[in-house]
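One structure below.
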Amino acid sequence: GQKCILTGLWRNELGSKMQIQEVKGDGTFSGEYKTAVSLARRPIQPASLNGSQHFDEAGQPTFGFTVNWKSFSDSTTVFTGQCFVDENGKEILETMWLLREKAKAPNGWEATRVGTNVFTRIKGQNV
Ligand code: B9F
C-alpha cells in the first residue's frame with residue numbers, strides 16, 4: 001500500500017496548522033507549529049517543533065515531536081502518534097499530547113494538560 005509521509009502542511013480539528021520539513025535518513029524532522037488556540041495573554045507566535053519517526057514496512061509509522069512555545073509562553077507540549085493512510089490515499093495523524101505549564105514548585109497536580117488531536121493534510125506530498 002501507499003506510505004504515509006509526515007512531510008508537508010497539516011491542520012487539526014482545532015484549526016492549528018503545522019509545517020513539517022523533510023524527514024532525514026535517521027528519521028528526525030523539524031518544522032513549525034501555529035496553534036489556533038491559546039490561553040496566554042501574549043499574542044500567538046509560530047513555535048518550532050522537533051521530532052523523530054520510525055520507518056516501518058507498512059508505511060504507517062509512529063512518531064513523536066516536541067513543541068517549544070518559547071516565543072510567547074514558558075510551556076512545552078509533546079505529541080506522540082501514528083501516521084495512517086487509507087485505500088484512497090487519505091492520510092491522518094492520530095496523536096495524543098501532554099502540555100506542561102511552568103509551575104512555581106514541584107508536585108503541582110495542575111501543571112500538565114492532556115488531550116488528543118487528529119491532523120489532516122492541507123498540502124504537500126501525496127496531494
Ligand atoms: O495556551 C498555551 C499556553 C501555555 C502557557 C500559557 C498559555 C500555549 C498554546 C498551547 C496549544 C495547545 C493546543 N493547540 C493544539 O493545536 S498544544 C495542544 C493543543 N493542540 C494556559 C496555561 C497552560 C496552558 C494554557 Fe498555557
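Going by the C-alpha cells order, chains are called A, B, ..., each with residues numbered from 1, while ligands are numbered from 1 in the order shown.
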
Margin query: Around ligand 1, which protein and nucleic acid residues have at least one atom no more than 9 Å from it, if we count only C-alpha atoms and all ligand atoms? List them as a ChimeraX atom specification.
Written below: /A:11-18,33-42,44,67,69,72-79,96-102,111-117

Margin query: For the structure I just gave you, how does DSSP split stretch 35-91 of chain A - specifically, which residues are strand (DSSP E)? Reply as a VMD selection string.
Written below: chain A and resid 47 to 53 62 to 68 76 to 85 91

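Excluding A:Glu57 itself and same-chain residues fewer than 2 positions from it, the residues having an atom within 12 Å of it are Gly1, Gln2, Lys3, Cys4, His54, Phe55, Gly59, Gln60, Pro61 and Thr62 of chain A, counting only C-alpha atoms.
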
File dump, residues just selected, N, CA, C and O atoms, as a PDB file, in the first residue's frame:
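again_6.pdb, freshly written:
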ATOM      1  N   GLY A   1       0.827  -1.222   0.000  1.00  0.00           N
ATOM      2  CA  GLY A   1       0.000   0.000   0.000  1.00  0.00           C
ATOM      3  C   GLY A   1       0.852   1.258   0.000  1.00  0.00           C
ATOM      4  O   GLY A   1       2.076   1.211   0.033  1.00  0.00           O
ATOM      5  N   GLN A   2       0.149   2.379  -0.022  1.00  0.00           N
ATOM      6  CA  GLN A   2       0.802   3.680  -0.032  1.00  0.00           C
ATOM      7  C   GLN A   2       1.426   3.972   1.327  1.00  0.00           C
ATOM      8  O   GLN A   2       0.881   3.574   2.353  1.00  0.00           O
ATOM      9  N   LYS A   3       2.537   4.679   1.309  1.00  0.00           N
ATOM     10  CA  LYS A   3       3.187   5.032   2.575  1.00  0.00           C
ATOM     11  C   LYS A   3       2.708   6.397   3.051  1.00  0.00           C
ATOM     12  O   LYS A   3       2.448   7.294   2.263  1.00  0.00           O
ATOM     13  N   CYS A   4       2.558   6.524   4.352  1.00  0.00           N
ATOM     14  CA  CYS A   4       2.162   7.794   4.961  1.00  0.00           C
ATOM     15  C   CYS A   4       3.416   8.636   5.186  1.00  0.00           C
ATOM     16  O   CYS A   4       4.363   8.175   5.820  1.00  0.00           O
ATOM     17  N   HIS A  54       9.604   6.457  13.094  1.00  0.00           N
ATOM     18  CA  HIS A  54      10.088   5.162  12.635  1.00  0.00           C
ATOM     19  C   HIS A  54       9.898   5.058  11.136  1.00  0.00           C
ATOM     20  O   HIS A  54       9.161   5.838  10.530  1.00  0.00           O
ATOM     21  N   PHE A  55      10.565   4.059  10.523  1.00  0.00           N
ATOM     22  CA  PHE A  55      10.285   3.674   9.141  1.00  0.00           C
ATOM     23  C   PHE A  55       9.822   2.231   9.190  1.00  0.00           C
ATOM     24  O   PHE A  55      10.618   1.340   9.501  1.00  0.00           O
ATOM     25  N   GLY A  59       4.347   1.352   6.166  1.00  0.00           N
ATOM     26  CA  GLY A  59       4.240   2.769   5.839  1.00  0.00           C
ATOM     27  C   GLY A  59       3.259   3.518   6.707  1.00  0.00           C
ATOM     28  O   GLY A  59       2.669   4.511   6.269  1.00  0.00           O
ATOM     29  N   GLN A  60       3.038   3.048   7.928  1.00  0.00           N
ATOM     30  CA  GLN A  60       2.137   3.720   8.874  1.00  0.00           C
ATOM     31  C   GLN A  60       2.903   3.965  10.172  1.00  0.00           C
ATOM     32  O   GLN A  60       2.572   3.398  11.224  1.00  0.00           O
ATOM     33  N   PRO A  61       3.929   4.826  10.089  1.00  0.00           N
ATOM     34  CA  PRO A  61       4.900   4.933  11.177  1.00  0.00           C
ATOM     35  C   PRO A  61       4.380   5.660  12.411  1.00  0.00           C
ATOM     36  O   PRO A  61       3.568   6.584  12.317  1.00  0.00           O
ATOM     37  N   THR A  62       4.901   5.278  13.567  1.00  0.00           N
ATOM     38  CA  THR A  62       4.710   6.056  14.794  1.00  0.00           C
ATOM     39  C   THR A  62       5.772   7.151  14.839  1.00  0.00           C
ATOM     40  O   THR A  62       6.834   7.051  14.216  1.00  0.00           O
TER      41      THR A  62
END

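Look at stretch 27-30 of chain A: the protein and nucleic acid residues within 7 Å of it, using only C-alpha atoms and passing over chain neighbours fewer than 4 places away, are Ile20, Gln21, Glu22, Val23, Leu49, Asn50, Gly51, Ser52, Gln53 and His54 of chain A.
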
Checklist line | Nearby residues (only C-alpha atoms) at most 12 Å from A:Lys90, same-chain spacing under 2 positions excluded, as a PyMOL selection string | finding: chain A and resi 1-5+83-88+92-93+119-123+125-127

Now that the selection is made, can you save its residues with N, CA and C atoms as a JSON list (two decimals), in the first residue's frame?
[["chain", "number", "residue", "atom", "x", "y", "z"],
["A", 1, "GLY", "N", 0.83, -1.22, 0.00],
["A", 1, "GLY", "CA", 0.00, 0.00, 0.00],
["A", 1, "GLY", "C", 0.85, 1.26, 0.00],
["A", 2, "GLN", "N", 0.15, 2.38, -0.02],
["A", 2, "GLN", "CA", 0.80, 3.68, -0.03],
["A", 2, "GLN", "C", 1.43, 3.97, 1.33],
["A", 3, "LYS", "N", 2.54, 4.68, 1.31],
["A", 3, "LYS", "CA", 3.19, 5.03, 2.57],
["A", 3, "LYS", "C", 2.71, 6.40, 3.05],
["A", 4, "CYS", "N", 2.56, 6.52, 4.35],
["A", 4, "CYS", "CA", 2.16, 7.79, 4.96],
["A", 4, "CYS", "C", 3.42, 8.64, 5.19],
["A", 5, "ILE", "N", 3.41, 9.86, 4.63],
["A", 5, "ILE", "CA", 4.58, 10.74, 4.65],
["A", 5, "ILE", "C", 4.29, 11.92, 5.58],
["A", 83, "CYS", "N", 0.94, 7.84, 11.85],
["A", 83, "CYS", "CA", 0.51, 8.30, 10.53],
["A", 83, "CYS", "C", -0.20, 7.14, 9.84],
["A", 84, "PHE", "N", -1.47, 7.35, 9.44],
["A", 84, "PHE", "CA", -2.25, 6.32, 8.75],
["A", 84, "PHE", "C", -2.64, 6.80, 7.36],
["A", 85, "VAL", "N", -2.63, 5.88, 6.40],
["A", 85, "VAL", "CA", -3.10, 6.19, 5.04],
["A", 85, "VAL", "C", -4.15, 5.15, 4.65],
["A", 86, "ASP", "N", -5.31, 5.61, 4.15],
["A", 86, "ASP", "CA", -6.38, 4.67, 3.79],
["A", 86, "ASP", "C", -6.29, 4.27, 2.31],
["A", 87, "GLU", "N", -7.27, 3.48, 1.85],
["A", 87, "GLU", "CA", -7.27, 2.93, 0.49],
["A", 87, "GLU", "C", -7.27, 4.05, -0.56],
["A", 88, "ASN", "N", -7.86, 5.22, -0.20],
["A", 88, "ASN", "CA", -7.94, 6.33, -1.14],
["A", 88, "ASN", "C", -6.72, 7.25, -1.07],
["A", 92, "ILE", "N", -4.00, 10.59, 7.76],
["A", 92, "ILE", "CA", -4.30, 11.28, 9.03],
["A", 92, "ILE", "C", -3.16, 11.02, 10.01],
["A", 93, "LEU", "N", -2.96, 11.98, 10.90],
["A", 93, "LEU", "CA", -2.05, 11.81, 12.02],
["A", 93, "LEU", "C", -2.91, 11.75, 13.27],
["A", 119, "PHE", "N", -4.82, 15.22, 12.80],
["A", 119, "PHE", "CA", -4.38, 16.13, 11.74],
["A", 119, "PHE", "C", -4.71, 15.53, 10.37],
["A", 120, "THR", "N", -5.13, 16.39, 9.44],
["A", 120, "THR", "CA", -5.28, 16.00, 8.03],
["A", 120, "THR", "C", -4.39, 16.90, 7.19],
["A", 121, "ARG", "N", -4.00, 16.38, 6.03],
["A", 121, "ARG", "CA", -3.06, 17.11, 5.19],
["A", 121, "ARG", "C", -3.74, 18.27, 4.48],
["A", 122, "ILE", "N", -3.11, 19.44, 4.47],
["A", 122, "ILE", "CA", -3.60, 20.57, 3.69],
["A", 122, "ILE", "C", -2.93, 20.56, 2.32],
["A", 123, "LYS", "N", -1.62, 20.53, 2.29],
["A", 123, "LYS", "CA", -0.91, 20.36, 1.03],
["A", 123, "LYS", "C", 0.47, 19.83, 1.31],
["A", 125, "GLN", "N", 3.05, 16.46, 0.09],
["A", 125, "GLN", "CA", 3.17, 15.28, -0.74],
["A", 125, "GLN", "C", 1.85, 14.51, -0.79],
["A", 126, "ASN", "N", 1.70, 13.69, -1.81],
["A", 126, "ASN", "CA", 0.52, 12.83, -1.99],
["A", 126, "ASN", "C", -0.77, 13.64, -2.15],
["A", 127, "VAL", "N", -0.70, 14.87, -2.62],
["A", 127, "VAL", "CA", -1.92, 15.66, -2.81],
["A", 127, "VAL", "C", -2.48, 15.37, -4.21]]
